[in-house]
file protein11.txt (compact mmCIF, C-alpha atoms)
# COMPACT_ATOMS: atom_id res chain seq x y z
CA MET A 1 9.11 -75.87 13.77
CA ASP A 2 8.40 -76.82 10.14
CA LYS A 3 11.18 -76.18 7.68
CA GLN A 4 10.10 -72.97 5.96
CA PRO A 5 9.95 -72.51 2.16
CA LYS A 6 12.58 -70.64 0.23
CA LYS A 7 11.63 -67.39 -1.48
CA TRP A 8 8.86 -68.21 -3.96
CA ARG A 9 7.67 -64.78 -5.13
CA ASP A 10 8.68 -61.11 -5.03
CA THR A 11 8.10 -59.52 -1.62
CA ILE A 12 8.83 -56.32 0.22
CA ASP A 13 12.33 -55.98 1.59
CA PRO A 14 11.89 -56.66 5.35
CA TYR A 15 15.14 -54.78 6.04
CA SER A 16 13.42 -51.62 4.77
CA ILE A 17 11.00 -51.58 7.74
CA ARG A 18 11.99 -49.39 10.67
CA PHE A 19 11.23 -51.72 13.56
CA LYS A 20 10.71 -50.48 17.11
CA TYR A 21 12.10 -53.36 19.12
CA ILE A 22 13.70 -56.01 16.92
CA GLU A 23 16.72 -56.22 14.67
CA ILE A 24 16.72 -58.85 11.92
CA ILE A 25 19.66 -61.22 12.14
CA LYS A 26 18.67 -63.56 9.31
CA ILE A 27 15.70 -64.43 7.10
CA LEU A 28 15.17 -68.18 7.50
CA GLY A 29 12.16 -68.76 5.29
CA TYR A 30 9.21 -67.42 3.32
CA PRO A 31 5.99 -69.20 4.42
CA HIS A 32 3.25 -69.42 1.80
CA ALA A 33 0.55 -66.88 2.60
CA ALA A 34 -1.62 -64.20 0.98
CA ASN A 35 0.44 -61.51 2.73
CA ASP A 36 4.23 -61.30 2.74
CA VAL A 37 5.40 -63.51 5.61
CA PHE A 38 8.99 -64.06 6.74
CA TYR A 39 10.43 -66.49 9.28
CA LEU A 40 13.21 -64.61 11.06
CA LYS A 41 15.99 -64.94 13.54
CA ALA A 42 16.06 -61.57 15.30
CA ARG A 43 17.49 -59.69 18.23
CA TYR A 44 14.91 -58.65 20.82
CA LYS A 45 15.60 -57.32 24.33
CA GLU A 46 19.23 -58.42 24.10
CA LYS A 47 18.27 -62.00 23.21
CA ASP A 48 18.10 -63.93 19.94
CA ILE A 49 14.57 -65.09 19.12
CA TYR A 50 12.75 -66.78 16.26
CA CYS A 51 9.70 -64.95 15.00
CA PHE A 52 7.37 -64.32 12.08
CA LEU A 53 6.97 -61.00 10.31
CA LYS A 54 3.71 -60.51 8.42
CA SER A 55 3.44 -57.47 6.14
CA ALA A 56 0.19 -56.43 4.50
CA ARG A 57 0.33 -57.25 0.79
CA HIS A 58 -3.23 -56.79 -0.48
CA ILE A 59 -6.21 -54.51 0.08
CA ASP A 60 -8.13 -57.08 2.13
CA ALA A 61 -5.30 -57.58 4.63
CA ASN A 62 -6.59 -57.00 8.15
CA ILE A 63 -3.56 -56.96 10.42
CA LYS A 64 -5.29 -54.41 12.65
CA ASN A 65 -8.03 -56.94 13.38
CA GLU A 66 -5.47 -59.67 14.13
CA ILE A 67 -3.67 -57.42 16.61
CA CYS A 68 -6.93 -56.49 18.35
CA VAL A 69 -8.01 -60.14 18.61
CA LEU A 70 -4.66 -61.40 19.90
CA ASN A 71 -4.55 -58.64 22.50
CA THR A 72 -8.12 -59.44 23.66
CA LEU A 73 -8.42 -63.21 23.40
CA LYS A 74 -7.70 -65.31 26.49
CA PHE A 75 -6.85 -68.70 25.02
CA ASP A 76 -4.04 -71.22 24.94
CA TYR A 77 -1.81 -71.69 21.90
CA LEU A 78 -1.75 -68.04 20.81
CA PRO A 79 1.42 -66.53 19.33
CA LYS A 80 2.91 -63.72 21.40
CA VAL A 81 2.81 -60.31 19.72
CA ILE A 82 6.29 -58.75 19.75
CA GLU A 83 5.50 -55.53 17.92
CA TYR A 84 3.41 -54.04 15.12
CA GLY A 85 3.40 -50.97 12.94
CA ASP A 86 1.60 -47.85 14.12
CA ASP A 87 -0.25 -47.94 10.78
CA PHE A 88 -0.95 -51.72 11.21
CA SER A 89 1.08 -52.46 8.08
CA TYR A 90 2.97 -55.28 9.79
CA ILE A 91 2.96 -57.53 12.84
CA ILE A 92 5.74 -59.60 14.42
CA THR A 93 4.86 -62.63 16.52
CA GLU A 94 7.15 -64.97 18.39
CA ALA A 95 7.47 -68.37 16.70
CA VAL A 96 5.49 -71.24 18.25
CA GLU A 97 7.04 -74.71 18.24
CA GLY A 98 5.25 -77.32 16.20
CA GLU A 99 4.56 -78.86 12.80
CA ARG A 100 1.55 -78.83 10.53
CA LEU A 101 -0.56 -81.95 10.36
CA SER A 102 -0.04 -82.14 6.61
CA LYS A 103 3.66 -82.80 7.27
CA ILE A 104 3.17 -85.07 10.31
CA VAL A 105 0.72 -87.38 8.56
CA GLY A 106 2.29 -87.11 5.13
CA GLU A 107 5.86 -87.98 6.15
CA ASN A 108 5.20 -90.76 8.68
CA LYS A 109 3.95 -93.96 7.11
CA GLY A 110 1.40 -95.76 9.23
CA LEU A 111 0.58 -92.68 11.32
CA GLU A 112 -3.16 -92.17 10.95
CA SER A 113 -4.80 -88.75 11.02
CA LEU A 114 -7.66 -90.09 13.16
CA SER A 115 -5.45 -89.91 16.23
CA PHE A 116 -5.36 -86.11 15.79
CA ILE A 117 -8.79 -85.24 14.41
CA LYS A 118 -10.82 -85.36 17.64
CA GLU A 119 -8.54 -82.77 19.29
CA TYR A 120 -8.73 -80.71 16.10
CA GLY A 121 -12.52 -80.47 16.47
CA GLU A 122 -12.48 -80.08 20.25
CA THR A 123 -10.06 -77.14 20.04
CA LEU A 124 -12.23 -75.28 17.54
CA ALA A 125 -15.26 -75.87 19.79
CA THR A 126 -13.40 -74.36 22.75
CA LEU A 127 -12.29 -71.40 20.65
CA HIS A 128 -15.92 -70.82 19.67
CA MET A 129 -16.82 -70.48 23.35
CA GLN A 130 -14.60 -67.46 23.97
CA LYS A 131 -16.42 -64.37 25.23
CA SER A 132 -15.31 -60.75 25.00
CA ASP A 133 -16.09 -57.54 23.17
CA PHE A 134 -15.07 -58.75 19.71
CA ASP A 135 -15.97 -56.98 16.47
CA SER A 136 -17.76 -58.81 13.68
CA ALA A 137 -15.50 -61.08 11.65
CA PRO A 138 -14.43 -59.57 8.32
CA HIS A 139 -16.57 -60.49 5.33
CA ARG A 140 -15.12 -62.91 2.77
CA SER A 141 -16.17 -63.72 -0.79
CA TYR A 142 -16.55 -67.36 0.30
CA HIS A 143 -19.51 -66.29 2.45
CA GLN A 144 -21.53 -65.63 -0.71
CA ILE A 145 -23.04 -68.17 -3.08
CA PRO A 146 -21.52 -67.68 -6.54
CA ASP A 147 -24.00 -66.59 -9.21
CA ARG A 148 -25.85 -68.95 -11.53
CA GLN A 149 -23.47 -68.20 -14.42
CA TYR A 150 -20.54 -69.49 -12.36
CA PHE A 151 -22.29 -72.80 -11.68
CA GLY A 152 -23.22 -73.07 -15.36
CA GLU A 153 -19.56 -72.69 -16.30
CA ILE A 154 -18.55 -75.58 -14.03
CA ASP A 155 -21.62 -77.65 -15.01
CA LEU A 156 -23.03 -77.77 -11.47
CA LEU A 157 -26.36 -75.95 -11.83
CA VAL A 158 -28.02 -78.64 -9.73
CA VAL A 159 -25.78 -77.57 -6.82
CA TYR A 160 -26.72 -73.92 -7.35
CA ASP A 161 -30.43 -74.78 -7.29
CA TRP A 162 -29.96 -76.82 -4.10
CA LEU A 163 -28.04 -74.04 -2.37
CA ILE A 164 -30.64 -71.42 -3.30
CA SER A 165 -33.55 -73.65 -2.25
CA ASN A 166 -31.97 -74.53 1.10
CA GLN A 167 -30.52 -71.22 2.22
CA PRO A 168 -30.48 -71.03 6.03
CA HIS A 169 -32.98 -68.64 7.60
CA ASN A 170 -30.79 -68.09 10.65
CA THR A 171 -27.12 -68.42 11.58
CA ASN A 172 -25.53 -69.38 14.88
CA ARG A 173 -23.11 -66.61 15.78
CA CYS A 174 -20.15 -66.82 18.12
CA PHE A 175 -16.45 -65.95 18.19
CA ILE A 176 -14.83 -67.61 15.17
CA HIS A 177 -11.26 -67.99 13.96
CA GLY A 178 -12.21 -67.36 10.33
CA ASP A 179 -9.40 -69.44 8.82
CA PHE A 180 -9.12 -72.52 11.03
CA HIS A 181 -7.48 -75.12 8.82
CA TYR A 182 -4.41 -77.33 8.97
CA ALA A 183 -1.92 -74.73 7.68
CA ASN A 184 -2.72 -72.48 10.64
CA ILE A 185 -2.45 -75.14 13.34
CA LEU A 186 0.83 -76.41 14.81
CA TRP A 187 1.19 -79.75 16.61
CA LYS A 188 3.84 -80.87 19.09
CA ASN A 189 4.10 -84.33 20.68
CA GLY A 190 0.72 -85.31 19.26
CA HIS A 191 -1.19 -82.26 20.53
CA ILE A 192 -2.03 -78.78 19.30
CA ASN A 193 0.61 -76.29 20.40
CA GLY A 194 -0.14 -73.22 18.32
CA ILE A 195 -2.93 -71.52 16.36
CA LEU A 196 -1.92 -68.88 13.83
CA ASP A 197 -3.43 -66.16 11.64
CA PHE A 198 -6.31 -64.34 13.34
CA GLU A 199 -6.86 -61.71 10.63
CA LEU A 200 -10.36 -63.03 9.90
CA ALA A 201 -11.42 -63.68 13.51
CA GLY A 202 -14.37 -62.07 15.29
CA ILE A 203 -18.07 -62.68 15.79
CA GLY A 204 -19.35 -64.73 12.89
CA ASN A 205 -21.05 -67.83 11.56
CA LYS A 206 -20.24 -70.87 13.73
CA GLU A 207 -21.16 -73.60 11.24
CA PHE A 208 -19.37 -71.88 8.35
CA ASP A 209 -16.22 -71.80 10.50
CA ILE A 210 -16.58 -75.55 11.13
CA ALA A 211 -17.15 -76.23 7.43
CA TRP A 212 -14.05 -74.21 6.53
CA ALA A 213 -12.00 -76.34 8.92
CA ILE A 214 -13.36 -79.67 7.80
CA ILE A 215 -13.39 -79.53 3.99
CA LEU A 216 -10.75 -81.31 1.93
CA ARG A 217 -8.41 -78.92 0.15
CA PRO A 218 -6.43 -79.73 -3.01
CA GLU A 219 -3.40 -81.92 -2.20
CA GLN A 220 -4.52 -82.32 1.44
CA LYS A 221 -3.43 -85.64 2.93
CA PHE A 222 -6.23 -86.05 5.48
CA MET A 223 -9.94 -85.26 6.05
CA LYS A 224 -10.72 -87.44 3.05
CA THR A 225 -13.00 -89.94 4.79
CA LYS A 226 -16.36 -90.06 6.53
CA GLU A 227 -14.61 -91.46 9.59
CA GLU A 228 -12.44 -88.33 9.89
CA TYR A 229 -15.47 -86.09 9.47
CA LYS A 230 -17.33 -87.97 12.22
CA GLU A 231 -14.31 -87.85 14.51
CA PHE A 232 -14.01 -84.08 14.06
CA ILE A 233 -17.70 -83.57 14.89
CA LYS A 234 -17.38 -85.95 17.83
CA GLY A 235 -14.47 -83.91 19.16
CA TYR A 236 -16.34 -80.67 18.61
CA ARG A 237 -19.36 -81.92 20.54
CA LEU A 238 -17.24 -82.76 23.55
CA LYS A 239 -17.25 -79.01 24.27
CA ASN A 240 -19.92 -77.36 22.11
CA ASN A 241 -23.01 -77.93 19.99
CA CYS A 242 -23.39 -77.50 16.25
CA ASP A 243 -25.98 -78.01 13.53
CA GLU A 244 -24.61 -80.66 11.17
CA GLY A 245 -27.15 -79.77 8.52
CA LEU A 246 -25.77 -76.24 8.40
CA VAL A 247 -22.18 -77.53 8.43
CA LYS A 248 -22.87 -79.64 5.33
CA TYR A 249 -24.70 -76.76 3.66
CA TYR A 250 -21.65 -74.52 4.01
CA MET A 251 -19.34 -77.33 2.95
CA ALA A 252 -21.37 -77.57 -0.27
CA GLN A 253 -21.09 -73.80 -0.75
CA ILE A 254 -17.32 -73.76 -0.17
CA TYR A 255 -16.67 -76.80 -2.36
CA ALA A 256 -18.34 -74.96 -5.26
CA LYS A 257 -15.62 -72.28 -5.05
CA PHE A 258 -12.82 -74.82 -4.48
CA TYR A 259 -13.93 -76.92 -7.46
CA ARG A 260 -11.84 -74.84 -9.86
CA LEU A 261 -8.72 -75.01 -7.70
CA GLY A 262 -7.90 -78.70 -8.00
CA ASP A 263 -7.05 -81.31 -10.59
CA GLU A 264 -9.47 -83.83 -12.12
CA ARG A 265 -9.04 -86.22 -9.19
CA TYR A 266 -9.96 -83.48 -6.72
CA LYS A 267 -12.97 -82.47 -8.81
CA GLU A 268 -14.18 -86.07 -8.81
CA TYR A 269 -13.87 -86.15 -5.03
CA ILE A 270 -16.12 -83.07 -4.79
CA LEU A 271 -18.63 -84.52 -7.24
CA GLN A 272 -18.82 -87.71 -5.19
CA TRP A 273 -19.29 -85.64 -2.02
CA TYR A 274 -22.20 -83.84 -3.67
CA ARG A 275 -23.79 -87.14 -4.74
CA GLU A 276 -23.65 -88.40 -1.16
CA ASN A 277 -24.71 -85.23 0.64
CA ILE A 278 -27.15 -83.22 -1.50

call {"tool": "encode", "arguments": {"input": "protein11.txt", "output": "structure tokens"}}
result
Amino acid sequence: MDKQPKKWRDTIDPYSIRFKYIEIIKILGYPHAANDVFYLKARYKEKDIYCFLKSARHIDANIKNEICVLNTLKFDYLPKVIEYGDDFSYIITEAVEGERLSKIVGENKGLESLSFIKEYGETLATLHMQKSDFDSAPHRSYHQIPDRQYFGEIDLLVVYDWLISNQPHNTNRCFIHGDFHYANILWKNGHINGILDFELAGIGNKEFDIAWAIILRPEQKFMKTKEEYKEFIKGYRLKNNCDEGLVKYYMAQIYAKFYRLGDERYKEYILQWYRENI
């Protein structure tokens, strides 16, 4: 398991929650997340376990959806639900062993990300093939094209015009994770061992979900090259089909929102991506 961050912002007091089945022994870390998340050592059924507590922090939190998905989905690598609040204000899941690819690749010189990327894509493809009575995936602001004023402010009106002129007429819908990126995927012995955070899962846009997984985020140590992109798509197509044109369309849409999140080097990377792809 990755070493978890120390407390980095004000949170709820986890000891104030009246749990049904667990007793907190020690708070071991405070993972970075939109909600309040705690890595705990706890007592459960007369045994000591390691687990994660997620408590709803903001109005868009959808712990209820995550609980429903985890209790319905039949798939490897899922965290086991230990308990949750009757009002869906929190969820506790048993910790899954593994490390994030950002740490594995970043801290091991000479270890190339390409050896992991095909499985990364193949796993998402398999997840997209899951069938059950899932609700629609929650809507996100990233699903919408920012307005023209936004693109004018970042001096990318040409991207806005391209996005408007090339809007897809149809979308390919399937079960999606909704937030499938490196921070939510744990690896052990060179293979995926855990997939986390299903708040945004449900029936949704397949190619947007792929684009969300494949874009380069600020400070990310991999998915920077065309070779990695091709390897991800190759892995995906071992199990499933996708429309690459739609994937790149949604990558362009997402990069427009991410443009303001990075430094000048990251912005130049996005500009170069636009030159090569639109």

call {"tool": "residues_around", "arguments": {"input": "protein11.txt", "residues": "Tyr182 of chain A", "least_positions_apart": "2", "cutoff": "8 Å", "atoms": "only C-alpha atoms", "output": "list in words"}}
result
Arg100, Leu101, Ser102, Phe180, Asn184, Ile185, Leu186 and Ala213 of chain A

call {"tool": "write_last_selection", "arguments": {"input": "protein11.txt", "atoms": "C-alpha atoms", "output": "PDB file, in the coordinates of the input"}}
result
ATOM      1  CA  ARG A 100       1.550 -78.830  10.530  1.00  0.00           C
ATOM      2  CA  LEU A 101      -0.560 -81.950  10.360  1.00  0.00           C
ATOM      3  CA  SER A 102      -0.040 -82.140   6.610  1.00  0.00           C
ATOM      4  CA  PHE A 180      -9.120 -72.520  11.030  1.00  0.00           C
ATOM      5  CA  ASN A 184      -2.720 -72.480  10.640  1.00  0.00           C
ATOM      6  CA  ILE A 185      -2.450 -75.140  13.340  1.00  0.00           C
ATOM      7  CA  LEU A 186       0.830 -76.410  14.810  1.00  0.00           C
ATOM      8  CA  ALA A 213     -12.000 -76.340   8.920  1.00  0.00           C
TER       9      ALA A 213
END

call {"tool": "closest_residue", "arguments": {"input": "protein11.txt", "among": "A:Arg173, A:Lys131, A:Lys26, A:Lys267", "to": "Asn205 of chain A", "atoms": "all atoms listed in the file"}}
result
A:Arg173

call {"tool": "closest_residue", "arguments": {"input": "protein11.txt", "among": "A:Ile195, A:Ile145, A:Ile176, A:Ile59", "to": "Tyr77 of chain A", "atoms": "all atoms listed in the file"}}
result
A:Ile195

call {"tool": "closest_residue", "arguments": {"input": "protein11.txt", "among": "A:Ile17, A:Leu246, A:Leu156, A:Ile27", "to": "Asn170 of chain A", "atoms": "all atoms listed in the file"}}
result
A:Leu246

call {"tool": "closest_residue", "arguments": {"input": "protein11.txt", "among": "A:Ser89, A:Asn35, A:Asn241, A:Thr126", "to": "Glu207 of chain A", "atoms": "all atoms listed in the file"}}
result
A:Asn241

call {"tool": "residues_around", "arguments": {"input": "protein11.txt", "residues": "segment 235-238 of chain A", "least_positions_apart": "3", "cutoff": "7 Å", "atoms": "all atoms listed in the file", "output": "list of chain:residue names"}}
result
A:Lys118, A:Glu119, A:Gly121, A:Glu122, A:Leu124, A:Ala125, A:Glu231, A:Phe232, A:Asn241

call {"tool": "axis_aligned_box", "arguments": {"input": "protein11.txt", "around": "segment 183-199 of chain A", "padding_each_side": "6 Å", "output": "AutoDock Vina command-line options"}}
result
--center_x -1.4 --center_y -73.5 --center_z 14.2 --size_x 23.0 --size_y 35.6 --size_z 25.0

call {"tool": "closest_residue", "arguments": {"input": "protein11.txt", "among": "A:Tyr150, A:Tyr142, A:Tyr44, A:Tyr84", "to": "Asn71 of chain A", "atoms": "all atoms listed in the file"}}
result
A:Tyr84

call {"tool": "residues_around", "arguments": {"input": "protein11.txt", "residues": "Ser136 of chain A", "least_positions_apart": "6", "cutoff": "7 Å", "atoms": "only C-alpha atoms", "output": "count of residues only"}}
result
3

call {"tool": "residues_around", "arguments": {"input": "protein11.txt", "residues": "Ala61 of chain A", "least_positions_apart": "2", "cutoff": "12 Å", "atoms": "all atoms listed in the file", "output": "JSON, numbers by chain"}}
result
{"A": [33, 34, 35, 36, 54, 55, 56, 57, 58, 59, 63, 64, 65, 66, 88, 89, 90, 91, 138, 139, 140, 197, 198, 199, 200]}

call {"tool": "closest_residue", "arguments": {"input": "protein11.txt", "among": "A:Gly98, A:Pro79, A:Pro5, A:Gly152", "to": "Ile192 of chain A", "atoms": "only C-alpha atoms"}}
result
A:Gly98

call {"tool": "atom_distance", "arguments": {"input": "protein11.txt", "atom1": "atom CA of Leu163 of chain A", "atom2": "atom CA of Ile278 of chain A"}}
result
9.3 Å

call {"tool": "residues_around", "arguments": {"input": "protein11.txt", "residues": "Gln253 of chain A", "least_positions_apart": "2", "cutoff": "10 Å", "atoms": "all atoms listed in the file", "output": "PyMOL selection string"}}
result
chain A and resi 142-146+159-160+162-163+208+211+247-251+255-258

call {"tool": "atom_distance", "arguments": {"input": "protein11.txt", "atom1": "atom CA of Asp13 of chain A", "atom2": "atom CA of Ile67 of chain A"}}
result
22.0 Å

call {"tool": "atom_distance", "arguments": {"input": "protein11.txt", "atom1": "atom CA of Asp60 of chain A", "atom2": "atom CA of Lys74 of chain A"}}
result
25.7 Å
